[in-house]
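Have a look at start_27.csv; it's CSV, C-alpha atoms:
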chain,number,residue,atom,x,y,z
L,104,MET,CA,-13.1,-14.5,11.5
L,105,ALA,CA,-11.0,-11.3,11.2
L,106,VAL,CA,-8.0,-13.1,12.6
L,107,GLN,CA,-8.5,-15.9,10.1
L,108,GLY,CA,-8.6,-13.3,7.3
L,109,ARG,CA,-5.4,-11.6,8.5
L,110,CYS,CA,-3.6,-14.9,8.8
L,111,GLY,CA,-4.7,-16.0,5.4
L,112,THR,CA,-6.3,-19.2,6.6
L,113,ARG,CA,-9.7,-20.7,5.8
L,114,PRO,CA,-11.6,-17.7,4.4
L,115,PHE,CA,-9.0,-17.3,1.6
L,116,GLY,CA,-7.7,-20.8,1.2
L,117,PRO,CA,-10.1,-22.0,-1.5
L,118,ASP,CA,-9.6,-18.9,-3.6
L,119,ARG,CA,-5.8,-19.0,-3.4
L,120,VAL,CA,-6.0,-22.6,-4.6
L,121,ALA,CA,-8.6,-22.1,-7.2
L,122,GLY,CA,-6.6,-19.4,-9.0
L,123,PRO,CA,-3.5,-21.6,-9.7
L,124,LEU,CA,-5.7,-24.6,-10.7
L,125,ALA,CA,-7.7,-22.4,-13.1
L,126,GLN,CA,-4.5,-21.2,-14.7
L,127,VAL,CA,-3.1,-24.7,-15.2
L,128,VAL,CA,-6.4,-25.8,-16.7
L,129,LEU,CA,-6.3,-22.8,-19.1
L,130,LEU,CA,-2.7,-23.6,-20.1
L,131,GLY,CA,-3.6,-27.2,-20.7
L,132,ALA,CA,-6.6,-26.2,-22.8
L,133,LEU,CA,-4.4,-23.9,-24.9
L,134,CYS,CA,-1.9,-26.6,-25.3
L,135,ARG,CA,-4.5,-29.1,-26.6
L,136,THR,CA,-6.3,-26.6,-28.9
L,137,VAL,CA,-3.7,-24.3,-30.4
L,138,GLY,CA,-0.4,-25.7,-29.0
L,139,LEU,CA,1.8,-24.2,-26.3
L,140,GLY,CA,5.6,-24.4,-26.3
L,141,PRO,CA,8.0,-24.4,-23.4
L,142,ALA,CA,8.2,-20.6,-23.3
L,143,GLY,CA,4.5,-20.4,-23.0
L,144,TRP,CA,4.2,-22.9,-20.3
L,145,LEU,CA,7.1,-21.3,-18.3
L,146,THR,CA,5.5,-17.9,-18.6
L,147,GLY,CA,2.1,-19.1,-17.7
L,148,CYS,CA,3.4,-21.0,-14.7
L,149,ALA,CA,5.4,-17.9,-13.6
L,150,CYS,CA,2.3,-15.8,-13.7
L,151,THR,CA,0.5,-18.4,-11.6
L,152,VAL,CA,3.2,-18.4,-8.9
L,153,ALA,CA,3.5,-14.6,-8.9
L,154,THR,CA,-0.3,-14.2,-8.5
L,155,TRP,CA,-0.5,-16.8,-5.8
L,156,ALA,CA,2.4,-15.3,-3.9
L,157,ALA,CA,1.1,-11.7,-4.2
L,158,LEU,CA,-2.4,-12.7,-3.0
L,159,THR,CA,-1.0,-14.7,-0.1
L,160,ARG,CA,1.0,-11.8,1.1
L,161,ALA,CA,-1.8,-9.3,0.6
L,162,VAL,CA,-4.5,-11.3,2.4
L,163,ARG,CA,-2.2,-12.0,5.3
L,164,GLY,CA,-1.9,-8.3,5.8
L,165,SER,CA,-5.7,-7.6,5.6
L,166,TRP,CA,-8.6,-7.8,8.0
L,167,LEU,CA,-11.1,-9.0,5.4
L,168,PRO,CA,-13.5,-11.7,6.5
L,169,SER,CA,-13.6,-13.3,3.0
L,170,PHE,CA,-12.1,-12.9,-0.4
L,171,GLY,CA,-15.3,-11.5,-1.9
L,172,PRO,CA,-17.2,-11.9,-5.2
L,173,ALA,CA,-15.5,-8.9,-6.9
L,174,ASN,CA,-12.0,-10.3,-6.1
L,175,ARG,CA,-13.1,-13.6,-7.6
L,176,VAL,CA,-13.9,-11.8,-10.9
L,177,THR,CA,-10.5,-10.1,-10.8
L,178,LEU,CA,-8.9,-13.5,-10.1
L,179,ALA,CA,-10.6,-14.8,-13.2
L,180,ARG,CA,-9.2,-11.9,-15.2
L,181,ALA,CA,-5.8,-12.6,-13.8
L,182,THR,CA,-6.1,-16.2,-15.1
L,183,LEU,CA,-7.0,-14.9,-18.6
L,184,VAL,CA,-4.1,-12.5,-18.6
L,185,GLY,CA,-1.8,-15.3,-17.6
L,186,GLY,CA,-3.1,-17.1,-20.8
L,187,VAL,CA,-2.4,-14.1,-22.9
L,188,ALA,CA,1.1,-13.8,-21.4
L,189,ALA,CA,1.8,-17.4,-22.2
L,190,LEU,CA,0.6,-17.0,-25.9
L,191,VAL,CA,2.7,-13.8,-26.3
L,192,ALA,CA,5.8,-15.5,-24.9
L,193,ASP,CA,5.2,-18.4,-27.3
L,194,SER,CA,4.8,-16.1,-30.2
L,195,PHE,CA,8.5,-15.3,-30.2
L,196,GLY,CA,9.3,-18.9,-31.2
L,197,ARG,CA,6.4,-19.6,-33.6
L,198,ARG,CA,3.3,-18.1,-35.2
L,199,SER,CA,0.8,-17.2,-32.5
L,200,PRO,CA,-2.9,-18.0,-32.6
L,201,VAL,CA,-4.0,-14.4,-33.0
L,202,ALA,CA,-7.8,-15.1,-32.7
L,203,VAL,CA,-7.3,-16.9,-29.4
L,204,LEU,CA,-4.9,-14.4,-28.0
L,205,VAL,CA,-7.2,-11.5,-28.9
L,206,GLY,CA,-10.2,-13.3,-27.6
L,207,LEU,CA,-8.7,-13.9,-24.2
L,208,ALA,CA,-7.6,-10.3,-24.0
L,209,VAL,CA,-11.0,-9.0,-25.0
L,210,VAL,CA,-12.8,-11.0,-22.3
L,211,ALA,CA,-10.3,-9.8,-19.7
L,212,LEU,CA,-10.9,-6.2,-20.8
L,213,VAL,CA,-14.7,-6.7,-20.6
L,214,LEU,CA,-14.5,-8.2,-17.1
L,215,ASP,CA,-12.6,-5.1,-16.0
L,216,ALA,CA,-16.0,-3.3,-16.1
L,217,VAL,CA,-17.6,-6.2,-14.1
L,218,ASP,CA,-15.5,-6.5,-11.0
L,219,GLY,CA,-15.9,-2.9,-9.9
L,220,ARG,CA,-19.6,-3.0,-10.4
L,221,VAL,CA,-19.8,-6.2,-8.4
L,222,ALA,CA,-17.8,-4.6,-5.6
L,223,ARG,CA,-20.1,-1.6,-5.5
L,224,ARG,CA,-23.3,-3.6,-5.6
L,225,THR,CA,-22.2,-6.1,-2.9
L,226,GLY,CA,-20.6,-3.4,-0.7
L,227,THR,CA,-17.2,-5.2,-0.9
L,228,ALA,CA,-15.0,-2.5,-2.3
L,229,THR,CA,-11.7,-2.6,-0.5
L,230,ALA,CA,-8.1,-1.4,-0.7
L,231,LEU,CA,-7.0,-5.0,-1.5
L,232,GLY,CA,-9.5,-5.3,-4.3
L,233,ALA,CA,-8.6,-1.9,-5.8
L,234,ARG,CA,-4.9,-2.8,-5.8
L,235,PHE,CA,-5.5,-6.3,-7.2
L,236,ASP,CA,-7.6,-4.9,-10.0
L,237,MET,CA,-5.0,-2.2,-10.8
L,238,GLU,CA,-2.1,-4.7,-11.0
L,239,VAL,CA,-4.0,-7.0,-13.3
L,240,ASP,CA,-4.9,-4.1,-15.6
L,241,ALA,CA,-1.2,-2.9,-15.6
L,242,PHE,CA,0.1,-6.3,-16.4
L,243,LEU,CA,-2.3,-6.9,-19.2
L,244,ILE,CA,-1.3,-3.6,-20.8
L,245,LEU,CA,2.4,-4.5,-20.4
L,246,VAL,CA,1.8,-7.9,-22.1
L,247,LEU,CA,-0.1,-6.4,-25.0
L,248,SER,CA,2.5,-3.7,-25.5
L,249,VAL,CA,5.2,-6.4,-25.7
L,250,TYR,CA,3.1,-8.2,-28.4
L,251,VAL,CA,2.4,-5.1,-30.4
L,252,ALA,CA,6.0,-3.9,-30.2
L,253,VAL,CA,7.1,-6.7,-32.5
L,254,PRO,CA,5.3,-5.4,-35.6
L,255,LEU,CA,5.2,-1.7,-34.7
L,256,GLY,CA,8.5,-1.1,-32.9
L,257,PRO,CA,10.0,-1.0,-29.4
L,258,TRP,CA,8.6,2.4,-28.7
L,259,VAL,CA,5.3,0.8,-28.0
L,260,LEU,CA,6.8,-0.7,-24.8
L,261,ALA,CA,6.5,2.7,-23.3
L,262,ILE,CA,2.7,2.1,-22.9
L,263,GLY,CA,3.3,-0.9,-20.7
L,264,ALA,CA,6.3,0.5,-18.9
L,265,LEU,CA,5.0,3.8,-17.7
L,266,ARG,CA,3.1,2.4,-14.8
L,267,TYR,CA,6.1,0.5,-13.6
L,268,LEU,CA,8.4,3.5,-14.0
L,269,PHE,CA,5.9,5.5,-11.9
L,270,VAL,CA,6.1,2.8,-9.2
L,271,ALA,CA,9.9,2.9,-9.3
L,272,ALA,CA,9.8,6.7,-9.0
L,273,SER,CA,7.6,6.5,-6.0
L,274,TRP,CA,10.3,4.6,-4.1
L,275,VAL,CA,12.4,7.8,-4.4
L,276,LEU,CA,9.5,10.3,-4.1
L,277,PRO,CA,7.1,9.2,-1.4
L,278,TRP,CA,4.5,11.8,-2.3
L,279,LEU,CA,3.8,9.8,-5.5
L,280,ARG,CA,2.3,7.1,-3.3
L,281,ALA,CA,-0.6,9.2,-2.2
L,282,PRO,CA,-4.1,8.1,-3.3
L,283,LEU,CA,-5.7,9.8,-6.2
L,284,PRO,CA,-9.3,10.9,-6.4
L,285,PRO,CA,-11.6,9.1,-8.9
L,286,SER,CA,-11.3,10.4,-12.4
L,287,THR,CA,-13.5,9.6,-15.4
L,288,ALA,CA,-10.8,10.8,-17.7
L,289,ARG,CA,-8.2,8.5,-16.2
L,290,LYS,CA,-10.6,5.5,-16.6
L,291,ALA,CA,-11.2,6.4,-20.2
L,292,VAL,CA,-7.5,6.7,-21.0
L,293,ALA,CA,-6.8,3.4,-19.4
L,294,ALA,CA,-9.6,1.8,-21.4
L,295,VAL,CA,-8.3,3.3,-24.6
L,296,GLN,CA,-4.9,1.6,-24.1
L,297,GLY,CA,-6.4,-1.8,-23.9
L,298,VAL,CA,-8.7,-1.4,-26.8
L,299,VAL,CA,-6.1,0.2,-29.1
L,300,LEU,CA,-3.4,-2.5,-28.3
L,301,VAL,CA,-5.9,-5.3,-28.8
L,302,ALA,CA,-7.0,-3.9,-32.2
L,303,ALA,CA,-3.3,-3.4,-33.2
L,304,GLY,CA,-2.5,-6.9,-32.1
L,305,ALA,CA,-5.4,-8.3,-34.1
L,306,GLY,CA,-4.1,-6.6,-37.3
L,307,LEU,CA,-7.5,-5.0,-38.0
L,308,ALA,CA,-6.0,-2.0,-39.9
L,309,PRO,CA,-3.1,-1.1,-42.1
L,310,ARG,CA,0.2,-0.8,-40.2
L,311,PRO,CA,0.5,3.0,-40.7
L,312,LEU,CA,-2.9,3.5,-39.2
L,313,GLU,CA,-2.1,1.2,-36.3
L,314,ARG,CA,1.0,3.2,-35.6
L,315,VAL,CA,-0.9,6.4,-35.5
L,316,ALA,CA,-3.6,4.9,-33.2
L,317,VAL,CA,-1.0,3.5,-30.8
L,318,ALA,CA,1.0,6.7,-30.8
L,319,ALA,CA,-2.1,8.6,-30.0
L,320,ALA,CA,-2.9,6.2,-27.2
L,321,LEU,CA,0.6,6.7,-25.8
L,322,ALA,CA,0.2,10.4,-26.0
L,323,LEU,CA,-3.0,10.2,-24.0
L,324,LEU,CA,-1.4,8.0,-21.4
L,325,GLY,CA,1.5,10.4,-21.1
L,326,TRP,CA,-1.0,13.3,-20.6
L,327,SER,CA,-2.9,11.3,-18.0
L,328,PHE,CA,0.2,10.4,-16.0
L,329,GLY,CA,1.5,14.0,-16.3
L,330,ARG,CA,-1.8,15.4,-15.0
L,331,ASP,CA,-1.9,13.0,-12.0
L,332,VAL,CA,1.7,13.6,-11.1
L,333,ARG,CA,1.1,17.4,-11.1
L,334,TRP,CA,-2.0,16.8,-8.9
L,335,LEU,CA,0.1,14.7,-6.5
L,336,ARG,CA,2.8,17.2,-6.4
L,337,ARG,CA,0.5,20.1,-5.5
L,338,ALA,CA,-1.4,18.0,-3.0
L,339,GLY,CA,1.4,16.4,-1.1
L,340,GLY,CA,4.8,17.3,-2.5
L,341,ALA,CA,5.6,19.7,0.2
L,342,ALA,CA,5.0,17.3,3.1
L,343,ALA,CA,5.3,13.6,3.9
L,344,VAL,CA,2.3,11.6,2.9
L,345,ARG,CA,0.9,8.2,3.9
L,346,PRO,CA,1.6,5.3,1.5
L,347,VAL,CA,-1.4,4.2,-0.5
L,348,ASP,CA,-1.4,0.7,1.0
L,349,ALA,CA,-1.8,2.3,4.5
L,350,ALA,CA,-5.0,4.1,3.7
L,351,PRO,CA,-8.1,2.7,5.5
L,352,ALA,CA,-10.1,0.3,3.4
L,353,GLY,CA,-13.3,2.3,4.0
L,354,ARG,CA,-11.8,5.2,2.2
L,355,ARG,CA,-10.5,3.4,-0.8
L,356,GLY,CA,-12.5,1.4,-3.3
L,357,ARG,CA,-12.2,0.3,-6.9
L,358,GLY,CA,-12.5,3.9,-8.1
L,359,GLU,CA,-9.2,5.1,-6.7
L,360,SER,CA,-6.3,4.1,-8.8
L,361,ALA,CA,-2.7,4.9,-9.6
L,362,PRO,CA,-2.0,7.0,-12.6
L,363,GLY,CA,-2.8,5.4,-16.0
L,364,THR,CA,-4.5,2.3,-14.6
L,365,GLY,CA,-8.1,3.5,-14.4
Can you present the structure in this file as structure tokens?
Amino acid sequence: MAVQGRCGTRPFGPDRVAGPLAQVVLLGALCRTVGLGPAGWLTGCACTVATWAALTRAVRGSWLPSFGPANRVTLARATLVGGVAALVADSFGRRSPVAVLVGLAVVALVLDAVDGRVARRTGTATALGARFDMEVDAFLILVLSVYVAVPLGPWVLAIGALRYLFVAASWVLPWLRAPLPPSTARKAVAAVQGVVLVAAGAGLAPRPLERVAVAAALALLGWSFGRDVRWLRRAGGAAAVRPVDAAPAGRRGRGESAPGTG
């Protein structure tokens, strides 16, 4: 069974197929209910292909006997985020269905608290699950920041870009790839980003107040990244460290994340 998991055959086959199918079904439902233009379809399909390719590569490099219930919850979240991305892309060509976009984003944010709990209760917390969860979170924040940047200004894009800038920096500074200890503050800051961006995207407050709230969220995120980078520098900056992906699965669960992702 372990060999099957590493080769990405039967234990993972149904899940890798279910994800793209669910994404196409969601895109079709959006097309029939609120309308979806070419940009939305292209973006949604690109998200489907990217998720499938990333999961295929990840499971082929793992020794997991099965995909696991927690990863299935995260896969459902990835599908919802693909729908949000499609609607955001479509919003540049026409008026977006704000209620539907916000609804999908809210459900994705709520499920973020579910997959980790499922992983802990079922004893299926793994490095693959932690990374999958983290990347879905990061992409949702990026998509929401793109959407909110239209009414509030391009500076909002910094919220979504910080995580990817950190990854780019880790290519040059290997000590940034070391695992971080669990942090309640980091989780809270990550949650604030999603809540504030969704609220700003929904237009629930006057624009000046939204700008203040989003700016405060960006300041918190900058503080969180800065604190984690300082910790990483003190912990491993003076010596070579092992990349995060190489850490044993038993030592990494859904509580250990990259800066700013919870």
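Shortest separation to L:Arg197 among L:Ala142, L:Met237, L:Leu158, L:Val213 occurs at residue L:Ala142, atoms counted being all atoms listed in the file.
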Can you list, as a count of residues only, every protein, DNA or RNA residue that comes within 10 Å of L:Pro257 when you count all atoms listed in the file, leaving out same-chain residues fewer than 6 positions away?
3
Counting all atoms listed in the file, which residue out of L:Val120, L:Val301, L:Ala230, L:Ala308 sits closest to L:Thr151?
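Smallest separation from L:Thr151 among the options: L:Val120.
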Pick the closest to L:Thr182 from L:Ser273, L:Thr229, L:Thr154, L:Ser199: which is it, counting all atoms listed in the file?
L:Thr154
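Atom CA of L:Ala302 is found 23.2 Å from atom CA of L:Tyr267.
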Atom CA of L:Trp326 to atom CA of L:Val239: how many Å, to one decimal?
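A separation of 21.8 Å between them.
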